[in-house]
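Undergrad: I'd like to ask you about the structure that follows.
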There are 2 protein chains.
Amino acid sequence: MRLNDLSSHPSQWFGSGPSAEIVISSRVRLARNLAGFKFLSTCSNEDKLAISDLLREALLSIDVPQERSYYSVDTAAALDRDFMVERHLISRHLAHGSGPRGVVIAGQEAFTAMINEEDHLRLQVIKGGLQVQQCWHDISMIDDMLEEKVEYAFSPKYGYLTACPTNVGTGIRVSVMLHLPALKMTGQIEKFFNATRDMDLAVRGLFGEGTEAIGDFYQISNQVTLGLSEIAIVNDFTDTIVPKIVEYELAARNQLLAKEANVLNDKIYRALGILKSAYMISSQEALGLLSHLRMGVNMKRLEGVSIPKINELFLLTQPAHLQLNEGRALDATTRDELRAKILRQHLN
Amino acid sequence: MRLNDLSSHPSQWFGSGPSAEIVISSRVRLARNLAGFKFLSTCSNEDKLAISDLLREALLSIDVPQERSYYSVDTAAALDRDFMVERHLISRHLAHGSGPRGVVIAGQEAFTAMINEEDHLRLQVIKGGLQVQQCWHDISMIDDMLEEKVEYAFSPKYGYLTACPTNVGTGIRVSVMLHLPALKMTGQIEKFFNATRDMDLAVRGLFGEGTEAIGDFYQISNQVTLGLSEIAIVNDFTDTIVPKIVEYELAARNQLLAKEANVLNDKIYRALGILKSAYMISSQEALGLLSHLRMGVNMKRLEGVSIPKINELFLLTQPAHLQLNEGRALDATTRDELRAKILRQHLN
């Protein structure tokens, strides 16, 4: 599997599935470390190589249906690294780290395994819509298979040991990406932030830690990994957290429909008008406008544009996707021109 | 002639005529006062009524081809006053003044005569494009005819006496409205301001004194009225001032075409995209976007929209025109919705 084979279409997990009009995707990741090795901050490159060899071997040999490929991140081209970050296949931390490190990517991007990121292993399963339980089901199975091949650092008292204390215990992080344009438009996004604070959730943007909430996308994730079972965390997301926020967003959408139909139409149709007309457009602006378009289609205010098409454009217009599909690095102005051209072609 | 008969179409002088791709209109006005009356600041309402009667009588009886109507401004509805200001038939000063005052408007808006504005009489001729000499020809003839009917306050030493010393002498003000989007876009509008300063010109916005330069429209006018003949001032505009600024704007347009075609296309097509799509739009935003559209058509980057159509929309989307055409006063939100609807209807 070559990265270029991925870049021409969106990830399967992006924006389709149960409750996908608001829940873009669900993600579970597990942090694991190998017994008999130090944590990465004090590892030599030789240790890192040994860890990488062991984990790669294990990941490629477990009995799952998907083919798997290993990509060395330390030797990858800068554009390939950016692409993998954009596509949520690796973290910025892995992309910009040092020393031997890489990622195993399964077919259909069914799961990924980062090696030598913050922990020796970061296993991740993402699915479209609200599918936290399915993510947990899959990742738990992969984790069990791996545990038959390698020995994890585990304490009977604390659970899985991790480089950062915030991950000790289950090592689990559950995240859900939400699309909340109506809360933003109606000035009620504080309601969402208050709810996440009350529920002890972290909020990030579309591209994870440290990124802005562009395009009205908000990623929420649990902060506690110790003292709660994985199942409890997963069920909390599925039964309580996500339904509550979805309810807020739906109420805001209904409020717009009932009281401010023209404010809503204006946002939606201006977005379409600009996307169909611009000759230069930044990735941030494109994301924001596609976000309004997505809301418009989901609220049945706009016909002739499909959600899969919008999902596709969200990724195709990202800088590294653009460049990989074009087959070369492009300066910012050329990217803005190419992005606008692609949007015009797809939407006119 | 009813004001409503005017409101459904643009003024004939707006944006057509010689050099109209840059020179929107030319205007000459004369300030005159009647002998035997004080200046307005110390006039009683009885004096103002007497002045008004004298001037109205004279203006309606001179032998010009156009029909004329008198409109009392002090008794006019607020919306009618706003409409006349938008249409450049009267000044804000006359609209918001006090005491008996009014305006005589000739058919086809060929000329207007404000009575009891800052001076007893303010005579004005506006024509489309660069037609300063033609404006002067017409207004001079009307002025001569009036001088046979009434006696002007005139000093052999100073010339025509006016309420404000800046108008003493010829009482003439020559103004030209310019459309300078490329100078603005290329960041060279300072060149224009420097030139106007060197040539001792005043710069105002689309709606005269105290208004911002919205829509990249700039109105320039002479400041000196004493010691120069009318002909010298008129010729200076026609032969020197306007050609110089037109040259700057054309150079900026050529620079955009040669070096930044996509920046230009982006401005033009985004403007069209938004105007065709918006469901709410302010008059300021509409002006700015129509300005880019006008530039696009004049630079042959855009087909399917005509300059007369754009000229029409410049005026039809102004607040008082909108309301007069709708037959009632509208709140700001309703105006923004109606304006967007009109733009969609005309441009789709």
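By convention in this document, the chains of the structure tokens carry letters A, B, ... by their order, each chain's residues are numbered from 1, and ligands are numbered from 1 in the order they are shown.
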With 6 Å as the limit and counting only C-alpha atoms, what residues in chain B lie close to chain A? Please list them as a PyMOL selection string.
TA: chain B and resi 262+266+269-270+273-274+277-280
Undergrad: At a cut-off of 12 Å, using only C-alpha atoms, what residues contact Thr42 (chain A)? Leave out same-chain residues fewer than 4 positions from it and give the result as a list in words.
TA: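 What passes the distance filter is Phe37, Lys38, Glu46, Asp47, Lys48, Gly99, Asn116, Glu118, Asp119 and Ala163 of chain A.
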Undergrad: Can you tell me how far CA of Leu313 (chain A) sits from CA of Ser282 (chain A), in Å to one decimal?
TA: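 Separating CA of Leu313 (chain A) from CA of Ser282 (chain A) is a distance of 13.1 Å.
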Undergrad: Name the residues in contact with Val174 (chain A) at a cut-off of 7 Å, using only C-alpha atoms, excluding same-chain residues fewer than 5 positions from it; report them as number ranges by chain.
TA: A: 27-29, 221-222, 234
Undergrad: Residues near Met141 (chain B), anyone? I mean within 12 Å using only C-alpha atoms, not counting same-chain ones fewer than 3 positions away, as a PyMOL selection string.
TA: chain B and resi 30+62-64+111+123+125+134-138+144-148
Undergrad: Write out as a ChimeraX atom specification the residues lying within 8 Å of Phe14 (chain B), counting only C-alpha atoms and excluding same-chain residues fewer than 3 positions away.
TA: /B:10-11,24-25,127-129,311
Undergrad: Could you write out that same residue set with N, CA and C atoms as a PDB file, in the first residue's frame?
TA:
ATOM      1  N   PRO B  10     -32.011  53.376 -12.205  1.00  0.00           N
ATOM      2  CA  PRO B  10     -30.875  54.183 -11.752  1.00  0.00           C
ATOM      3  C   PRO B  10     -30.879  55.563 -12.395  1.00  0.00           C
ATOM      4  N   SER B  11     -30.142  56.465 -11.811  1.00  0.00           N
ATOM      5  CA  SER B  11     -29.972  57.790 -12.407  1.00  0.00           C
ATOM      6  C   SER B  11     -29.216  57.642 -13.717  1.00  0.00           C
ATOM      7  N   ILE B  24     -17.101  57.533 -12.996  1.00  0.00           N
ATOM      8  CA  ILE B  24     -18.533  57.257 -12.819  1.00  0.00           C
ATOM      9  C   ILE B  24     -19.371  58.445 -13.265  1.00  0.00           C
ATOM     10  N   SER B  25     -19.000  59.635 -12.833  1.00  0.00           N
ATOM     11  CA  SER B  25     -19.828  60.802 -13.130  1.00  0.00           C
ATOM     12  C   SER B  25     -19.041  62.094 -12.938  1.00  0.00           C
ATOM     13  N   LYS B 127     -23.532  64.511 -14.849  1.00  0.00           N
ATOM     14  CA  LYS B 127     -23.625  63.699 -16.060  1.00  0.00           C
ATOM     15  C   LYS B 127     -22.732  62.472 -15.915  1.00  0.00           C
ATOM     16  N   GLY B 128     -23.038  61.442 -16.679  1.00  0.00           N
ATOM     17  CA  GLY B 128     -22.269  60.207 -16.584  1.00  0.00           C
ATOM     18  C   GLY B 128     -20.900  60.323 -17.226  1.00  0.00           C
ATOM     19  N   GLY B 129     -19.911  59.648 -16.656  1.00  0.00           N
ATOM     20  CA  GLY B 129     -18.560  59.625 -17.226  1.00  0.00           C
ATOM     21  C   GLY B 129     -17.874  60.974 -17.102  1.00  0.00           C
ATOM     22  N   ASN B 311     -24.845  49.007 -12.650  1.00  0.00           N
ATOM     23  CA  ASN B 311     -25.168  50.391 -12.260  1.00  0.00           C
ATOM     24  C   ASN B 311     -26.542  50.454 -11.611  1.00  0.00           C
TER      25      ASN B 311
END
Undergrad: Write out as a PyMOL selection string which residues come within 9 Å of Phe83 (chain A) when counting only C-alpha atoms, dropping same-chain ones fewer than 5 positions away.
TA: chain A and resi 3+7+78+88-89+318-321+323-324
Undergrad: Nearest residue to Ala106 (chain B) out of B:Ile126, B:Ala35, B:Ala329, B:Leu226, using only C-alpha atoms?
TA: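 Looking at the shortest contact to Ala106 (chain B), the residue is B:Ile126.
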Undergrad: Looking only at the backbone, which of the residues in region 149-239 of chain A does DSSP tag as strand (DSSP E or B), as a list in words?
TA: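 Of region 149-239 of chain A, the ones in strand (DSSP E or B) are Tyr152, Phe154, Ser155, Gly159, Tyr160, Gly169, Ile172, Arg173, Val174, Ser175, Val176, Met177, Leu178, His179, Leu201, Ala202, Val203, Arg204, Gly205, Gly208, Phe217, Tyr218, Gln219, Ile220, Ser221 and Asn222 of chain A.
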Undergrad: Hey, what does DSSP flag as helix (DSSP H, G or I) within region 71-283 of chain A? Can you give it to me as a ChimeraX atom specification?
TA: /A:78-86,92-95,107-109,132-147,165-167,181-185,189-198,214-216,230-259,261-277,283
Undergrad: What's the separation between CA of Ile51 (chain A) and CA of Ile115 (chain A), in Å to one decimal place?
TA: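 These two atoms are separated by 8.0 Å.
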Undergrad: What's the separation between CA of Ile233 (chain A) and CA of Gln12 (chain A), in Å to one decimal place?
TA: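 Between these atoms lies a distance of 24.5 Å.
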Undergrad: Name all residues at most 10 Å from Ile22 (chain A) (count only C-alpha atoms; drop same-chain ones fewer than 3 positions away) and give them as a ChimeraX atom specification.
TA: /A:15-16,18-19,25,129-130,177-181,217,242,245-247,249-250,294-295,298
Undergrad: Could you check the closest approach to Asp80 (chain A) for each of A:Ala113, A:Ala252, A:Ile189, A:Ala95 and tell me which residue wins, using only C-alpha atoms?
TA: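 Using only C-alpha atoms, the shortest distance to Asp80 (chain A) belongs to A:Ala95.
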Undergrad: Could you check the closest approach to Glu109 (chain A) for each of A:Arg68, A:Arg122, A:Arg32, A:Arg339 and tell me which residue wins, using only C-alpha atoms?
TA: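 Ranking A:Arg68, A:Arg122, A:Arg32, A:Arg339 by distance to Glu109 (chain A), first place goes to A:Arg68.
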